[in-house]
file data.cif (mmCIF, C-alpha atoms)
data_work
#
loop_
_atom_site.label_atom_id
_atom_site.label_comp_id
_atom_site.auth_asym_id
_atom_site.auth_seq_id
_atom_site.Cartn_x
_atom_site.Cartn_y
_atom_site.Cartn_z
CA MET V 1 4.64 -17.94 1.99
CA SER V 2 5.06 -20.91 -0.25
CA GLY V 3 7.86 -22.82 1.33
CA ASP V 4 6.58 -25.80 -0.62
CA HIS V 5 9.21 -26.84 -3.14
CA HIS V 6 6.75 -28.68 -5.38
CA THR V 7 4.38 -25.69 -5.62
CA ASP V 8 7.34 -23.46 -6.34
CA ALA V 9 8.59 -25.66 -9.19
CA THR V 10 5.09 -25.91 -10.68
CA THR V 11 4.58 -22.16 -10.56
CA ALA V 12 8.04 -21.51 -11.98
CA ARG V 13 7.20 -23.77 -14.94
CA ARG V 14 3.88 -22.06 -15.55
CA VAL V 15 5.46 -18.59 -15.36
CA ARG V 16 8.06 -19.67 -17.92
CA ARG V 17 5.30 -21.02 -20.15
CA LEU V 18 3.36 -17.76 -19.95
CA GLU V 19 6.50 -15.85 -20.85
CA THR V 20 7.02 -18.03 -23.91
CA LEU V 21 3.39 -17.68 -24.96
CA LEU V 22 3.47 -13.90 -24.65
CA GLU V 23 6.76 -13.78 -26.58
CA GLU V 24 5.17 -15.83 -29.37
CA LYS V 25 2.25 -13.43 -29.44
CA GLY V 26 4.67 -10.53 -29.73
CA LEU V 27 3.55 -8.88 -26.48
CA ILE V 28 6.84 -9.10 -24.60
CA THR V 29 10.46 -9.95 -25.15
CA GLY V 30 12.86 -11.51 -22.66
CA GLU V 31 14.99 -8.36 -22.82
CA ARG V 32 12.08 -6.07 -21.99
CA LEU V 33 11.23 -8.22 -19.03
CA ASP V 34 14.85 -8.14 -17.81
CA GLU V 35 14.83 -4.36 -18.18
CA ALA V 36 11.59 -4.07 -16.23
CA ILE V 37 13.00 -6.16 -13.38
CA ASP V 38 16.30 -4.23 -13.36
CA ALA V 39 14.46 -0.90 -13.33
CA PHE V 40 12.22 -2.10 -10.50
CA LEU V 41 15.24 -2.97 -8.36
CA ALA V 42 17.43 -0.02 -9.37
CA GLU V 43 14.89 2.68 -8.53
CA SER V 44 13.91 1.13 -5.22
CA SER V 45 16.08 1.03 -2.14
CA PRO V 46 15.69 1.79 1.56
CA ALA V 47 18.86 3.88 1.18
CA ASN V 48 16.69 6.43 -0.68
CA GLY V 49 14.34 6.88 2.26
CA ALA V 50 17.26 7.02 4.68
CA ARG V 51 18.85 9.85 2.68
CA VAL V 52 15.60 11.80 2.71
CA VAL V 53 15.30 11.41 6.48
CA ALA V 54 18.91 12.48 7.10
CA ARG V 55 18.34 15.60 5.00
CA ALA V 56 15.17 16.41 6.95
CA TRP V 57 17.04 16.03 10.25
CA THR V 58 19.78 18.43 9.19
CA ASP V 59 17.81 21.00 7.19
CA ASP V 60 14.70 22.49 8.80
CA ALA V 61 13.50 24.15 5.61
CA TYR V 62 13.73 20.81 3.79
CA ARG V 63 11.91 19.08 6.63
CA ALA V 64 9.06 21.60 6.33
CA ARG V 65 8.84 21.04 2.56
CA LEU V 66 8.92 17.26 3.06
CA LEU V 67 6.01 17.32 5.48
CA ALA V 68 4.02 19.78 3.35
CA ASP V 69 4.50 17.99 0.00
CA GLY V 70 6.40 14.71 0.27
CA THR V 71 6.35 14.00 -3.45
CA ALA V 72 7.91 17.30 -4.47
CA ALA V 73 10.47 17.17 -1.66
CA VAL V 74 11.77 13.69 -2.53
CA GLN V 75 11.82 14.61 -6.20
CA GLU V 76 14.26 17.40 -5.25
CA LEU V 77 16.62 14.58 -4.29
CA GLY V 78 15.93 12.63 -7.48
CA HIS V 79 13.44 10.07 -6.14
CA MET V 80 9.98 9.12 -7.46
CA GLU V 81 10.55 10.93 -10.74
CA GLY V 82 7.80 10.15 -13.21
CA SER V 83 5.82 8.25 -10.61
CA TYR V 84 2.05 8.35 -10.76
CA GLN V 85 1.98 7.98 -6.99
CA ARG V 86 2.03 10.64 -4.30
CA LEU V 87 4.03 10.48 -1.10
CA ARG V 88 2.94 11.71 2.32
CA VAL V 89 5.57 11.81 5.03
CA VAL V 90 4.28 11.59 8.60
CA GLU V 91 6.44 12.80 11.45
CA ASN V 92 7.00 11.02 14.75
CA THR V 93 7.19 13.31 17.76
CA GLU V 94 7.36 12.95 21.52
CA SER V 95 3.58 12.55 21.60
CA VAL V 96 2.72 10.91 18.25
CA HIS V 97 3.95 7.63 16.79
CA ASN V 98 3.00 6.77 13.20
CA VAL V 99 2.88 3.32 11.64
CA ILE V 100 2.05 2.31 8.08
CA VAL V 101 0.01 -0.54 6.63
CA CYS V 102 -2.08 -1.42 3.60
CA THR V 103 -4.98 -3.54 4.84
CA LEU V 104 -6.52 -4.14 1.39
CA CYS V 105 -3.36 -5.18 -0.45
CA SER V 106 0.27 -4.23 0.06
CA CYS V 107 0.76 -0.61 -1.02
CA TYR V 108 4.13 0.65 0.11
CA PRO V 109 6.56 3.47 -0.79
CA LEU V 110 8.63 1.11 -2.92
CA ARG V 111 10.80 3.80 -4.50
CA LEU V 112 11.97 5.01 -1.09
CA LEU V 113 11.98 1.81 0.93
CA GLY V 114 12.75 -0.88 -1.65
CA PRO V 115 10.69 -4.06 -1.96
CA SER V 116 8.66 -4.61 1.20
CA PRO V 117 9.45 -7.24 3.83
CA SER V 118 7.28 -10.37 3.84
CA TRP V 119 5.68 -9.46 7.16
CA TYR V 120 4.35 -6.21 5.69
CA LYS V 121 2.40 -8.25 3.12
CA SER V 122 1.18 -10.83 5.64
CA GLU V 123 -2.46 -11.15 6.66
CA ALA V 124 -1.32 -11.20 10.30
CA TYR V 125 0.18 -7.69 10.08
CA ARG V 126 -2.49 -6.25 7.80
CA SER V 127 -5.37 -7.52 9.93
CA ARG V 128 -4.00 -6.65 13.34
CA VAL V 129 -2.15 -3.35 13.15
CA VAL V 130 -5.31 -1.29 12.57
CA ARG V 131 -7.06 -3.07 15.44
CA GLU V 132 -4.33 -3.39 18.08
CA PRO V 133 -1.24 -1.43 17.01
CA ARG V 134 0.29 -1.30 20.48
CA ALA V 135 0.27 -5.09 20.74
CA VAL V 136 1.69 -5.43 17.22
CA LEU V 137 4.46 -2.92 17.94
CA ARG V 138 5.36 -4.84 21.09
CA GLU V 139 5.89 -7.92 18.92
CA PHE V 140 8.45 -5.84 17.01
CA GLY V 141 10.08 -4.95 20.33
CA LEU V 142 8.65 -1.45 20.53
CA THR V 143 6.70 -0.60 23.67
CA LEU V 144 5.17 2.87 23.64
CA PRO V 145 3.97 4.75 26.71
CA ASP V 146 0.21 5.25 26.96
CA SER V 147 0.76 8.99 26.62
CA VAL V 148 1.87 8.52 22.98
CA ASP V 149 -0.92 8.68 20.41
CA VAL V 150 -0.50 5.86 17.89
CA VAL V 151 -1.67 6.77 14.38
CA VAL V 152 -2.02 3.98 11.84
CA TRP V 153 -1.94 5.09 8.19
CA ASP V 154 -3.79 2.67 5.92
CA SER V 155 -2.24 3.31 2.49
CA SER V 156 -3.78 3.53 -0.94
CA ALA V 157 -2.22 2.84 -4.32
CA GLU V 158 -2.35 6.54 -5.07
CA THR V 159 -0.77 7.93 -1.89
CA ARG V 160 2.08 6.10 -0.21
CA TYR V 161 3.18 6.94 3.31
CA MET V 162 6.59 7.06 4.91
CA VAL V 163 7.42 7.74 8.56
CA LEU V 164 9.91 10.46 9.49
CA PRO V 165 11.44 8.94 12.63
CA ARG V 166 12.72 11.02 15.53
CA ARG V 167 16.39 11.79 15.33
CA PRO V 168 18.30 9.66 17.83
CA GLN V 169 19.90 11.45 20.77
CA ALA V 170 23.61 12.23 20.86
CA THR V 171 23.93 12.43 17.08
CA GLU V 172 24.76 16.15 16.90
CA GLY V 173 28.27 15.49 15.61
CA LEU V 174 27.20 13.24 12.73
CA ASP V 175 27.02 14.39 9.13
CA GLU V 176 24.20 13.56 6.71
CA GLU V 177 25.78 10.38 5.44
CA GLU V 178 26.43 9.07 8.95
CA LEU V 179 22.89 9.91 9.98
CA ALA V 180 21.46 8.11 6.93
CA ALA V 181 23.38 5.00 7.96
CA LEU V 182 21.43 4.93 11.26
CA VAL V 183 18.02 4.79 9.56
CA THR V 184 16.42 1.34 9.30
CA ARG V 185 13.63 0.15 7.04
CA ASN V 186 11.39 -0.70 9.99
CA ALA V 187 11.84 2.81 11.39
CA LEU V 188 10.52 4.21 8.09
CA ILE V 189 7.47 1.93 8.35
CA GLY V 190 7.03 2.76 12.02
CA THR V 191 7.61 -0.67 13.53
CA ALA V 192 10.93 0.24 15.16
CA PRO V 193 12.40 3.25 16.96
CA LEU V 194 15.84 4.59 16.19
CA MET T 195 -19.59 -9.24 3.63
CA ALA T 196 -16.38 -8.22 1.99
CA ARG T 197 -13.73 -9.73 -0.19
CA ILE T 198 -11.04 -11.97 1.24
CA ASN T 199 -8.32 -9.32 0.79
CA ASP T 200 -10.22 -6.97 3.11
CA VAL T 201 -8.60 -8.25 6.30
CA GLY T 202 -8.36 -5.11 8.46
CA GLY T 203 -9.58 -6.11 11.93
CA THR T 204 -10.12 -9.80 11.07
CA GLN T 205 -9.17 -11.99 14.01
CA GLY T 206 -7.29 -15.28 13.94
CA PHE T 207 -4.26 -14.65 11.72
CA GLY T 208 -2.01 -15.06 14.74
CA ALA T 209 1.43 -13.73 15.58
CA ILE T 210 3.48 -11.79 13.03
CA ASP T 211 6.68 -13.35 11.76
CA THR T 212 8.79 -10.22 12.13
CA THR T 213 11.85 -11.68 10.39
CA ASP T 214 13.51 -8.85 8.50
CA ASP T 215 13.97 -10.54 5.12
CA THR T 216 15.96 -8.25 2.88
CA GLU T 217 15.95 -10.28 -0.36
CA PRO T 218 13.35 -8.74 -2.68
CA PHE T 219 12.50 -12.13 -4.20
CA HIS T 220 12.60 -15.66 -2.85
CA ALA T 221 12.75 -17.31 -6.26
CA ASP T 222 13.56 -16.22 -9.82
CA TRP T 223 10.01 -16.73 -10.99
CA GLU T 224 8.82 -14.08 -8.53
CA ALA T 225 11.01 -11.49 -10.26
CA ARG T 226 9.70 -12.64 -13.66
CA VAL T 227 6.12 -12.17 -12.41
CA VAL T 228 6.90 -8.61 -11.31
CA GLY T 229 8.51 -7.99 -14.71
CA LEU T 230 5.43 -9.37 -16.47
CA TYR T 231 3.14 -7.22 -14.35
CA ASN T 232 5.09 -4.02 -15.01
CA THR T 233 5.47 -4.70 -18.73
CA LEU T 234 1.85 -5.69 -19.38
CA ARG T 235 0.49 -2.81 -17.32
CA ALA T 236 2.75 -0.34 -19.12
CA GLN T 237 1.33 -1.63 -22.43
CA GLY T 238 -2.19 -0.93 -21.22
CA ILE T 239 -3.26 -4.61 -21.27
CA PHE T 240 -4.76 -3.99 -17.82
CA ASN T 241 -4.66 -1.26 -15.19
CA THR T 242 -3.65 -1.42 -11.51
CA ASN T 243 -7.23 -1.57 -10.26
CA GLU T 244 -8.22 -4.37 -12.64
CA PHE T 245 -5.20 -6.27 -11.36
CA ARG T 246 -6.20 -5.73 -7.74
CA ASP T 247 -9.75 -6.76 -8.59
CA ALA T 248 -8.43 -10.00 -10.10
CA ILE T 249 -6.52 -10.81 -6.89
CA GLU T 250 -9.49 -9.97 -4.68
CA SER T 251 -11.85 -12.08 -6.79
CA MET T 252 -9.94 -15.26 -6.01
CA PRO T 253 -11.92 -17.84 -4.04
CA PRO T 254 -11.05 -17.13 -0.37
CA ALA T 255 -9.57 -20.59 0.20
CA ASP T 256 -7.25 -20.16 -2.79
CA TYR T 257 -6.27 -16.66 -1.71
CA LEU T 258 -5.22 -17.86 1.71
CA ALA T 259 -3.43 -20.96 0.36
CA THR T 260 -1.24 -19.09 -2.14
CA SER T 261 1.85 -16.96 -1.65
CA TYR T 262 1.97 -13.26 -2.45
CA TYR T 263 3.52 -13.59 -5.91
CA GLU T 264 1.49 -16.70 -6.74
CA ARG T 265 -1.55 -14.46 -6.35
CA TRP T 266 0.04 -11.97 -8.71
CA PHE T 267 0.65 -14.69 -11.27
CA LEU T 268 -2.87 -16.12 -11.00
CA ALA T 269 -4.32 -12.60 -11.34
CA ILE T 270 -2.25 -11.88 -14.45
CA CYS T 271 -3.39 -15.18 -15.99
CA SER T 272 -7.05 -14.55 -15.24
CA LEU T 273 -6.88 -11.03 -16.73
CA LEU T 274 -5.13 -12.30 -19.85
CA GLU T 275 -7.80 -14.99 -20.26
CA ARG T 276 -10.64 -12.55 -19.69
CA LYS T 277 -9.20 -10.21 -22.29
CA GLY T 278 -8.71 -13.01 -24.77
CA VAL T 279 -4.91 -12.73 -24.86
CA ILE T 280 -4.51 -16.37 -23.83
CA GLU T 281 -6.93 -19.28 -23.97
CA PRO T 282 -8.09 -21.12 -20.84
CA GLY T 283 -5.88 -24.17 -20.36
CA GLU T 284 -3.09 -22.82 -22.53
CA LEU T 285 -0.66 -22.91 -19.60
CA ASP T 286 -1.57 -26.40 -18.42
CA ASP T 287 0.79 -29.35 -18.66
CA MET W 288 -6.77 20.54 -12.70
CA THR W 289 -6.38 24.31 -12.50
CA ASP W 290 -10.10 25.06 -12.77
CA ALA W 291 -11.16 22.28 -10.39
CA PRO W 292 -14.04 23.20 -8.07
CA PRO W 293 -13.20 23.77 -4.39
CA ASP W 294 -13.12 20.64 -2.23
CA ARG W 295 -16.45 19.52 -0.88
CA PHE W 296 -14.92 18.54 2.49
CA PRO W 297 -12.28 21.00 3.79
CA PRO W 298 -9.88 19.87 6.55
CA GLY W 299 -11.68 19.42 9.86
CA THR W 300 -15.03 18.47 8.26
CA ARG W 301 -16.83 15.75 10.19
CA VAL W 302 -17.80 13.03 7.76
CA ARG W 303 -19.60 9.72 7.78
CA THR W 304 -18.72 6.84 5.45
CA PHE W 305 -21.30 4.90 3.52
CA ARG W 306 -22.39 1.45 4.65
CA HIS W 307 -22.49 0.22 1.08
CA ASP W 308 -21.08 -3.28 0.45
CA PRO W 309 -20.44 -3.18 -3.29
CA PRO W 310 -20.07 -6.32 -5.45
CA HIS W 311 -16.82 -5.02 -6.96
CA HIS W 312 -13.43 -3.56 -6.09
CA THR W 313 -13.56 -0.68 -3.63
CA ARG W 314 -11.18 1.21 -1.35
CA LEU W 315 -13.60 1.58 1.52
CA PRO W 316 -12.63 -1.35 3.73
CA ARG W 317 -15.22 -3.21 5.73
CA TYR W 318 -13.90 -1.92 9.05
CA ALA W 319 -14.53 1.70 8.08
CA ARG W 320 -18.04 1.41 6.64
CA GLY W 321 -20.76 3.46 8.27
CA LYS W 322 -18.22 5.16 10.56
CA ARG W 323 -17.66 8.73 11.67
CA GLY W 324 -14.35 10.45 11.07
CA VAL W 325 -12.72 13.83 10.45
CA VAL W 326 -11.07 15.01 7.23
CA VAL W 327 -7.34 15.60 7.73
CA GLU W 328 -6.53 16.89 4.25
CA PRO W 329 -7.28 16.32 0.59
CA GLU W 330 -4.71 14.00 -1.02
CA GLY W 331 -5.36 15.08 -4.60
CA PRO W 332 -7.79 13.86 -7.23
CA ASP W 333 -7.71 10.47 -8.92
CA GLU W 334 -9.93 8.02 -10.78
CA LEU W 335 -12.59 6.21 -8.77
CA PRO W 336 -11.08 2.70 -8.41
CA ASP W 337 -14.53 1.08 -8.15
CA ILE W 338 -15.10 1.94 -11.82
CA SER W 339 -11.59 1.74 -13.24
CA ALA W 340 -11.22 -1.77 -11.73
CA GLN W 341 -13.95 -2.85 -14.13
CA GLY W 342 -11.71 -1.90 -17.03
CA ARG W 343 -13.95 1.01 -17.89
CA GLY W 344 -12.44 4.13 -19.37
CA ASP W 345 -15.12 6.38 -17.91
CA ALA W 346 -14.09 6.32 -14.24
CA PRO W 347 -14.87 9.73 -12.72
CA VAL W 348 -12.00 11.66 -11.18
CA GLU W 349 -12.75 12.53 -7.57
CA GLN W 350 -10.95 14.20 -4.71
CA ILE W 351 -9.42 11.73 -2.24
CA TYR W 352 -9.44 12.69 1.43
CA ALA W 353 -7.27 11.44 4.26
CA VAL W 354 -9.89 10.77 6.94
CA ARG W 355 -8.99 10.19 10.57
CA PHE W 356 -10.98 7.77 12.73
CA ALA W 357 -10.79 7.17 16.48
CA ALA W 358 -10.24 3.50 17.36
CA ARG W 359 -13.24 3.71 19.69
CA ASP W 360 -15.48 4.58 16.73
CA LEU W 361 -14.10 1.75 14.61
CA TRP W 362 -13.75 -1.04 17.15
CA GLY W 363 -15.65 0.11 20.23
CA GLU W 364 -12.39 0.33 22.16
CA GLY W 365 -8.77 1.36 21.85
CA ASP W 366 -6.97 4.70 22.15
CA HIS W 367 -5.24 4.91 18.75
CA HIS W 368 -6.28 6.52 15.48
CA VAL W 369 -6.50 5.21 11.94
CA VAL W 370 -6.14 7.41 8.86
CA LEU W 371 -7.52 6.15 5.59
CA ASP W 372 -7.65 7.63 2.06
CA LEU W 373 -11.25 7.79 0.90
CA TRP W 374 -12.81 8.97 -2.35
CA GLU W 375 -15.36 11.75 -2.18
CA SER W 376 -18.31 9.53 -3.11
CA TYR W 377 -17.63 7.27 -0.10
CA LEU W 378 -18.35 10.18 2.22
CA GLU W 379 -21.14 12.42 3.37
CA GLU W 380 -21.02 15.30 5.79
CA ASP W 381 -21.82 14.27 9.35
CA ARG W 382 -24.03 17.13 10.49
CA GLN W 383 -24.08 17.62 14.23
CA ASP W 384 -27.82 18.39 14.27
CA GLU W 385 -28.61 15.00 12.72
CA ARG W 386 -26.69 13.03 15.31
#
call {"tool": "encode", "arguments": {"input": "data.cif", "output": "structure tokens"}}
result
Amino acid sequence: MSGDHHTDATTARRVRRLETLLEEKGLITGERLDEAIDAFLAESSPANGARVVARAWTDDAYRARLLADGTAAVQELGHMEGSYQRLRVVENTESVHNVIVCTLCSCYPLRLLGPSPSWYKSEAYRSRVVREPRAVLREFGLTLPDSVDVVVWDSSAETRYMVLPRRPQATEGLDEEELAALVTRNALIGTAPL
Amino acid sequence: MARINDVGGTQGFGAIDTTDDTEPFHADWEARVVGLYNTLRAQGIFNTNEFRDAIESMPPADYLATSYYERWFLAICSLLERKGVIEPGELDD
Amino acid sequence: MTDAPPDRFPPGTRVRTFRHDPPHHTRLPRYARGKRGVVVEPEGPDELPDISAQGRGDAPVEQIYAVRFAARDLWGEGDHHVVLDLWESYLEEDRQDER
């Protein structure tokens, strides 16, 4: 994190200068850059992942397709269209808890979860969760019994992972939209229960 | 021996700040950097793996002293220099 | 990729990763070098990042495998598992009779 105001102002100036240079060279335009930023934000939201999860909770056939081929199943709902990436959805059960990381950089299912939280990109998280996931999860307030197998998925740029959390108890009466509202970003990464 | 980005299992980074920040960017320039990355990559100026290589090739002390999107910006600059799109020093004051 | 050859490492294959410490970009992290694991599933083919990171257009396309490691085998302790996507050329079959 650069909380340093001076560094921030210096970098901002240099970014602006690079933009101007590249505009002069005819490589970019301000409008194209605006469009790229808007597209990045418009296609990417944790609400997308939540919708996918709610569908999987209420439709067993969809759930099976999602676990067999995540990319195709989320494309059914209009997500990740035209993406060069693949998606693998990993299911939490009574005996298995999944958690996602990218130790080498910061790969993340952006289209389904939106831009990642700062902690996901931090060296502290990336270094520790593959080594001592139970301790890391406790820092997030999640203590798992020893009987639960913790599986850490170290992502690549080509295949992104998303966790299918367990459906909370006493939610039988809720419809898909209400269920989606219960799903949190951290639950989709695996650092929180529902 | 490995590059500085290869931190899986490295000890000493300490506790995780689990604050759930929901803003995608902490400053406007961060968004511009993402826009630059997406636009230049789409034009084939560099590919994803060249970009990652440029981040990983940073001197370890610089890597650890810079923020996430500062690394992105420095990587974009070094790729553009290497490919002759900009001249070294062209961004300096 | 309709006429692609069958995968070299079907699910369940015991594999060993190379110890190689290359002087370029790679997706085999230090913690998983020279380790034993089991193939979960192929992820689908893609360019070898080690080559494409050098800006070369001739990166071979290889199958990528999700490989599962026991924490004990990675760190000498721990009861969890780690799954990592690894390109075919990072792996060799771990034959029981050679162990």
call {"tool": "resolve_selection", "arguments": {"input": "data.cif", "expression": "the PyMOL selection byres ((chain T) within 10 of (chain W))", "output": "list in words"}}
result
Met195, Ala196, Arg197, Asn199, Asp200, Val201, Gly202, Gly203, Thr204, Ile239, Phe240, Asn241, Thr242, Asn243, Glu244, Phe245, Arg246, Asp247, Ala248, Glu250 and Ser251 of chain T
call {"tool": "residues_near_point", "arguments": {"input": "data.cif", "point": "(-6.8, -12.4, -18.9)", "cutoff": "12 Å", "atoms": "only C-alpha atoms", "output": "ChimeraX atom specification"}}
result
/V:18,22 /T:234,239-241,244-245,248,267-284 /W:342
call {"tool": "closest_atom_pairs", "arguments": {"input": "data.cif", "of": "chain T", "to": "chain V", "cutoff": "8 Å", "atoms": "all atoms listed in the file", "output": "CSV"}}
result
residue,atom,partner,partner_atom,distance
T:Asn199,CA,V:Leu104,CA,5.5
T:Asp200,CA,V:Leu104,CA,5.0
T:Val201,CA,V:Ser127,CA,4.9
T:Gly202,CA,V:Ser127,CA,4.1
T:Gly203,CA,V:Ser127,CA,4.9
T:Thr204,CA,V:Ser127,CA,5.4
T:Gln205,CA,V:Ser127,CA,7.1
T:Phe207,CA,V:Ala124,CA,4.8
T:Gly208,CA,V:Ala124,CA,5.9
T:Ala209,CA,V:Ala124,CA,6.5
T:Ile210,CA,V:Ala124,CA,5.6
T:Asp211,CA,V:Trp119,CA,6.1
T:Thr212,CA,V:Trp119,CA,5.9
T:Thr213,CA,V:Trp119,CA,7.3
T:Asp214,CA,V:Pro117,CA,6.4
T:Asp215,CA,V:Pro117,CA,5.7
T:Thr216,CA,V:Pro117,CA,6.7
T:Pro218,CA,V:Pro115,CA,5.4
T:Asp222,CA,V:Ala12,CA,7.9
T:Trp223,CA,V:Ala12,CA,5.3
T:Ala225,CA,V:Ile37,CA,6.5
T:Arg226,CA,V:Leu33,CA,7.1
T:Val227,CA,V:Val15,CA,7.1
T:Val228,CA,V:Ile37,CA,6.9
T:Gly229,CA,V:Ile37,CA,5.0
T:Leu230,CA,V:Leu33,CA,6.4
T:Asn232,CA,V:Ala36,CA,6.6
T:Thr233,CA,V:Ala36,CA,6.6
T:Leu234,CA,V:Leu27,CA,8.0
T:Arg246,CA,V:Cys105,CA,7.8
T:Thr260,CA,V:Ser2,CA,6.8
T:Ser261,CA,V:Met1,CA,4.7
T:Tyr262,CA,V:Met1,CA,7.0
T:Glu264,CA,V:Thr11,CA,7.3
T:Phe267,CA,V:Val15,CA,7.4
T:Leu285,CA,V:Arg14,CA,6.1
T:Asp286,CA,V:Arg14,CA,7.5
call {"tool": "resolve_selection", "arguments": {"input": "data.cif", "expression": "the PyMOL selection byres ((chain V) within 6 of (chain W))", "output": "compact mmCIF listing (two decimals) with C-alpha atoms, in the frame of the given file"}}
result
# COMPACT_ATOMS: atom_id res chain seq x y z
CA ASP V 149 -0.92 8.68 20.41
CA VAL V 150 -0.50 5.86 17.89
CA VAL V 151 -1.67 6.77 14.38
CA VAL V 152 -2.02 3.98 11.84
CA TRP V 153 -1.94 5.09 8.19
CA ASP V 154 -3.79 2.67 5.92
call {"tool": "residues_around", "arguments": {"input": "data.cif", "residues": "W:Arg303", "least_positions_apart": "6", "cutoff": "6 Å", "atoms": "all atoms listed in the file", "output": "list in words"}}
result
Lys322, Arg323, Leu378, Glu379 and Asp381 of chain W
call {"tool": "atom_distance", "arguments": {"input": "data.cif", "atom1": "atom CA of V:Leu137", "atom2": "atom CA of V:Ala192"}}
result
7.7 Å
call {"tool": "resolve_selection", "arguments": {"input": "data.cif", "expression": "the PyMOL selection byres ((chain W and resi 321) around 6)", "output": "PyMOL selection string"}}
result
chain W and resi 304-306+320+322
call {"tool": "axis_aligned_box", "arguments": {"input": "data.cif", "around": "stretch 349-356 of chain W", "padding_each_side": "4 Å", "output": "lines of an AutoDock Vina configuration file"}}
result
center_x = -10.0
center_y = 11.0
center_z = 2.6
size_x = 13.5
size_y = 14.4
size_z = 28.3
call {"tool": "atom_distance", "arguments": {"input": "data.cif", "atom1": "atom CA of V:Gln75", "atom2": "atom CA of W:Gly299"}}
result
28.9 Å
call {"tool": "atom_distance", "arguments": {"input": "data.cif", "atom1": "atom CA of V:Arg51", "atom2": "atom CA of V:Ser156"}}
result
23.8 Å
call {"tool": "closest_residue", "arguments": {"input": "data.cif", "among": "W:Asp360, W:Thr300, W:Pro347, W:Arg382", "to": "W:Pro329", "atoms": "all atoms listed in the file"}}
result
W:Thr300
call {"tool": "residues_near_point", "arguments": {"input": "data.cif", "point": "(10.1, 18.8, 3.7)", "cutoff": "12 Å", "atoms": "only C-alpha atoms", "output": "ChimeraX atom specification"}}
result
/V:52-77,87-91,164
call {"tool": "build_atoms", "arguments": {"input": "data.cif", "residues": "stretch 53-57 of chain V", "atoms": "all heavy atoms", "output": "short mmCIF file (atom, residue, chain, number, x, y, z; two decimals), keeping the file's coordinate frame"}}
result
data_model
loop_
_atom_site.label_atom_id
_atom_site.label_comp_id
_atom_site.auth_asym_id
_atom_site.auth_seq_id
_atom_site.Cartn_x
_atom_site.Cartn_y
_atom_site.Cartn_z
N VAL V 53 15.44 11.17 5.04
CA VAL V 53 15.30 11.41 6.48
C VAL V 53 16.50 12.19 7.02
O VAL V 53 16.35 13.15 7.78
CB VAL V 53 15.13 10.06 7.23
CG1 VAL V 53 15.36 10.22 8.72
CG2 VAL V 53 13.73 9.49 6.95
N ALA V 54 17.70 11.79 6.61
CA ALA V 54 18.91 12.48 7.10
C ALA V 54 18.90 13.95 6.67
O ALA V 54 19.28 14.83 7.44
CB ALA V 54 20.17 11.77 6.57
N ARG V 55 18.43 14.21 5.45
CA ARG V 55 18.34 15.60 5.00
C ARG V 55 17.34 16.38 5.86
O ARG V 55 17.59 17.51 6.28
CB ARG V 55 17.94 15.64 3.51
CG ARG V 55 17.66 17.02 2.94
CD ARG V 55 18.91 17.91 2.90
NE ARG V 55 19.97 17.31 2.12
CZ ARG V 55 20.12 17.44 0.81
NH1 ARG V 55 19.27 18.19 0.12
NH2 ARG V 55 21.12 16.88 0.16
N ALA V 56 16.21 15.74 6.15
CA ALA V 56 15.17 16.41 6.95
C ALA V 56 15.67 16.70 8.37
O ALA V 56 15.31 17.72 8.97
CB ALA V 56 13.91 15.55 7.01
N TRP V 57 16.50 15.82 8.90
CA TRP V 57 17.04 16.03 10.25
C TRP V 57 18.04 17.18 10.31
O TRP V 57 18.25 17.78 11.37
CB TRP V 57 17.75 14.76 10.73
CG TRP V 57 16.83 13.66 11.20
CD1 TRP V 57 15.52 13.77 11.54
CD2 TRP V 57 17.19 12.28 11.38
NE1 TRP V 57 15.04 12.53 11.93
CE2 TRP V 57 16.04 11.61 11.85
CE3 TRP V 57 18.37 11.55 11.20
CZ2 TRP V 57 16.03 10.24 12.12
CZ3 TRP V 57 18.37 10.20 11.48
CH2 TRP V 57 17.21 9.55 11.94
#
